[in-house]
>>> print(open('query20.csv').read())   # CSV, C-alpha atoms
chain,number,residue,atom,x,y,z
A,1,MET,CA,124.8,67.4,42.3
A,2,CYS,CA,127.6,66.7,39.8
A,3,SER,CA,128.4,63.2,38.6
A,4,GLY,CA,131.9,61.8,38.5
A,5,PHE,CA,134.9,63.4,40.1
A,6,SER,CA,135.1,67.1,40.1
A,7,LEU,CA,137.6,69.9,41.0
A,8,ARG,CA,135.8,72.1,43.5
A,9,ASN,CA,138.3,75.0,42.9
A,10,LEU,CA,137.5,75.1,39.2
A,11,GLY,CA,133.7,74.6,39.5
A,12,ALA,CA,131.5,71.7,40.2
A,13,SER,CA,130.7,71.1,36.6
A,14,LEU,CA,134.2,70.1,35.5
A,15,THR,CA,134.2,66.3,35.4
A,16,LEU,CA,137.5,64.4,35.5
A,17,SER,CA,137.3,61.1,33.7
A,18,TYR,CA,139.5,58.1,34.5
A,19,LEU,CA,142.7,57.8,32.5
A,20,PRO,CA,144.2,54.3,32.0
A,21,SER,CA,146.4,54.0,35.1
A,22,GLY,CA,150.0,53.3,34.9
A,23,ILE,CA,149.5,50.0,36.7
A,24,ALA,CA,146.9,48.9,34.2
A,25,LEU,CA,149.1,49.8,31.3
A,26,ALA,CA,152.2,48.2,32.9
A,27,ALA,CA,150.3,44.9,33.6
A,28,THR,CA,148.8,44.9,30.1
A,29,TYR,CA,152.2,45.5,28.5
A,30,ARG,CA,154.1,43.1,30.7
A,31,PHE,CA,151.6,40.2,30.8
A,32,GLY,CA,150.0,40.7,27.4
A,33,ARG,CA,146.7,42.1,26.3
A,34,ARG,CA,144.9,39.0,27.5
A,35,VAL,CA,144.8,40.5,31.1
A,36,TRP,CA,142.1,42.9,30.0
A,37,PRO,CA,139.4,41.1,32.1
A,38,ALA,CA,141.4,41.7,35.3
A,39,VAL,CA,141.9,45.4,34.3
A,40,PHE,CA,138.2,45.7,33.6
A,41,LEU,CA,137.3,44.1,37.0
A,42,ALA,CA,139.8,46.4,38.8
A,43,GLY,CA,138.3,49.5,37.3
A,44,LEU,CA,134.8,48.3,38.0
A,45,ALA,CA,135.7,47.5,41.6
A,46,ILE,CA,137.4,50.8,42.2
A,47,ASP,CA,134.3,52.7,41.1
A,48,LEU,CA,131.9,50.4,43.0
A,49,TRP,CA,134.0,51.0,46.2
A,50,ILE,CA,133.7,54.9,45.8
A,51,PRO,CA,130.4,54.3,45.4
A,52,GLN,CA,129.2,55.3,41.9
A,53,PRO,CA,126.1,54.2,39.9
A,54,LEU,CA,126.5,50.8,38.2
A,55,PRO,CA,126.5,52.2,34.6
A,56,ALA,CA,129.3,54.6,35.6
A,57,CYS,CA,131.3,51.7,37.1
A,58,ILE,CA,130.9,49.6,34.0
A,59,GLY,CA,131.9,52.5,31.8
A,60,VAL,CA,135.0,53.2,33.8
A,61,GLY,CA,136.0,49.5,33.7
A,62,ILE,CA,135.5,49.3,30.0
A,63,GLY,CA,137.4,52.6,29.5
A,64,LEU,CA,140.3,51.5,31.7
A,65,ALA,CA,140.7,48.1,30.1
A,66,SER,CA,140.3,49.4,26.5
A,67,GLY,CA,142.7,52.3,27.1
A,68,ALA,CA,145.4,50.1,28.6
A,69,TRP,CA,144.8,47.5,25.8
A,70,LEU,CA,145.1,50.0,23.0
A,71,SER,CA,148.2,51.7,24.6
A,72,ALA,CA,150.0,48.3,25.0
A,73,TRP,CA,149.0,47.3,21.4
A,74,LEU,CA,150.4,50.6,20.0
A,75,LEU,CA,153.6,50.2,22.0
A,76,GLU,CA,154.1,46.6,20.8
A,77,ARG,CA,153.5,47.6,17.1
A,78,SER,CA,155.7,50.6,17.2
A,79,GLY,CA,158.9,48.8,18.2
A,80,PHE,CA,159.0,50.5,21.6
A,81,ASP,CA,162.0,49.5,23.8
A,82,PRO,CA,160.8,49.3,27.5
A,83,ASN,CA,164.3,50.3,28.6
A,84,PHE,CA,164.0,53.6,26.8
A,85,ALA,CA,167.4,53.0,25.2
A,86,ARG,CA,166.6,55.0,22.1
A,87,ALA,CA,165.7,58.7,21.8
A,88,LYS,CA,162.5,57.8,19.9
A,89,ASP,CA,161.1,55.6,22.7
A,90,VAL,CA,160.0,58.6,24.8
A,91,PRO,CA,157.8,60.2,22.2
A,92,LEU,CA,156.5,56.7,21.2
A,93,PHE,CA,155.5,56.1,24.8
A,94,ILE,CA,153.9,59.5,25.2
A,95,LEU,CA,152.0,59.2,21.9
A,96,ALA,CA,150.8,55.6,22.6
A,97,VAL,CA,149.6,56.5,26.1
A,98,ALA,CA,147.9,59.7,24.9
A,99,VAL,CA,146.0,57.8,22.1
A,100,GLY,CA,145.0,55.0,24.5
A,101,MET,CA,143.8,57.5,27.1
A,102,THR,CA,141.2,58.8,24.7
A,103,LEU,CA,139.2,55.6,25.1
A,104,SER,CA,138.7,56.1,28.8
A,105,PRO,CA,136.5,59.1,28.6
A,106,ILE,CA,134.7,57.8,25.5
A,107,PHE,CA,133.4,54.9,27.6
A,108,SER,CA,133.3,56.3,31.1
A,109,LEU,CA,131.5,59.6,30.6
A,110,PRO,CA,128.4,58.0,29.0
A,111,GLY,CA,128.3,55.7,32.0
A,112,TYR,CA,128.2,58.7,34.3
A,113,TYR,CA,125.5,60.3,32.2
A,114,LEU,CA,123.3,57.2,32.3
A,115,GLY,CA,123.9,56.8,36.0
A,116,ALA,CA,122.9,60.3,36.9
>>> encode(input="query20.csv", output="structure tokens")
Amino acid sequence: MCSGFSLRNLGASLTLSYLPSGIALAATYRFGRRVWPAVFLAGLAIDLWIPQPLPACIGVGIGLASGAWLSAWLLERSGFDPNFARAKDVPLFILAVAVGMTLSPIFSLPGYYLGA
């Protein structure tokens, strides 16, 4: 039995980790990084609903909250314009989200490993 989410067509051993969702990033960017507890609880609740082992749920919650937090922080620090009015805003957005998304598997995959 494989842990996490898998793509059956590509083999049962390919695990897909959660990426910081667009809603989590949008809420974190719009309302400030202080909403990380709500993002953490949302990630935790989603995985508990699936159902997944508790360590995996906690790892996903931490990964989602930290990824959204880091992405929002990078966007704020880079001078990003949320209206995408400048040509540099698109690559800034892509880079900030890509860097932030690395935290999600860093925290969620050990949770899946411990929960297996």
>>> atom_distance(input="query20.csv", atom1="atom CA of A:Gly115", atom2="atom CA of A:Pro37")
22.4 Å
>>> atom_distance(input="query20.csv", atom1="atom CA of A:Gly63", atom2="atom CA of A:Pro105")
6.6 Å
>>> atom_distance(input="query20.csv", atom1="atom CA of A:Ile46", atom2="atom CA of A:Gly111")
14.5 Å
>>> closest_residue(input="query20.csv", among="A:Gly100, A:Pro91, A:Gly59, A:Pro53", to="A:Ser21", atoms="all atoms listed in the file")
A:Gly100
>>> closest_residue(input="query20.csv", among="A:Leu114, A:Leu92, A:Pro55, A:Arg30", to="A:Leu75", atoms="all atoms listed in the file")
A:Leu92
>>> closest_residue(input="query20.csv", among="A:Leu64, A:Ala96, A:Leu25, A:Ile58", to="A:Pro110", atoms="all atoms listed in the file")
A:Ile58
>>> closest_residue(input="query20.csv", among="A:Ala68, A:Leu103, A:Ile62, A:Leu54", to="A:Ile23", atoms="all atoms listed in the file")
A:Ala68
>>> residues_around(input="query20.csv", residues="A:Val97", least_positions_apart="4", cutoff="7 Å", atoms="all atoms listed in the file", output="JSON, numbers by chain")
{"A": [71, 93, 101]}
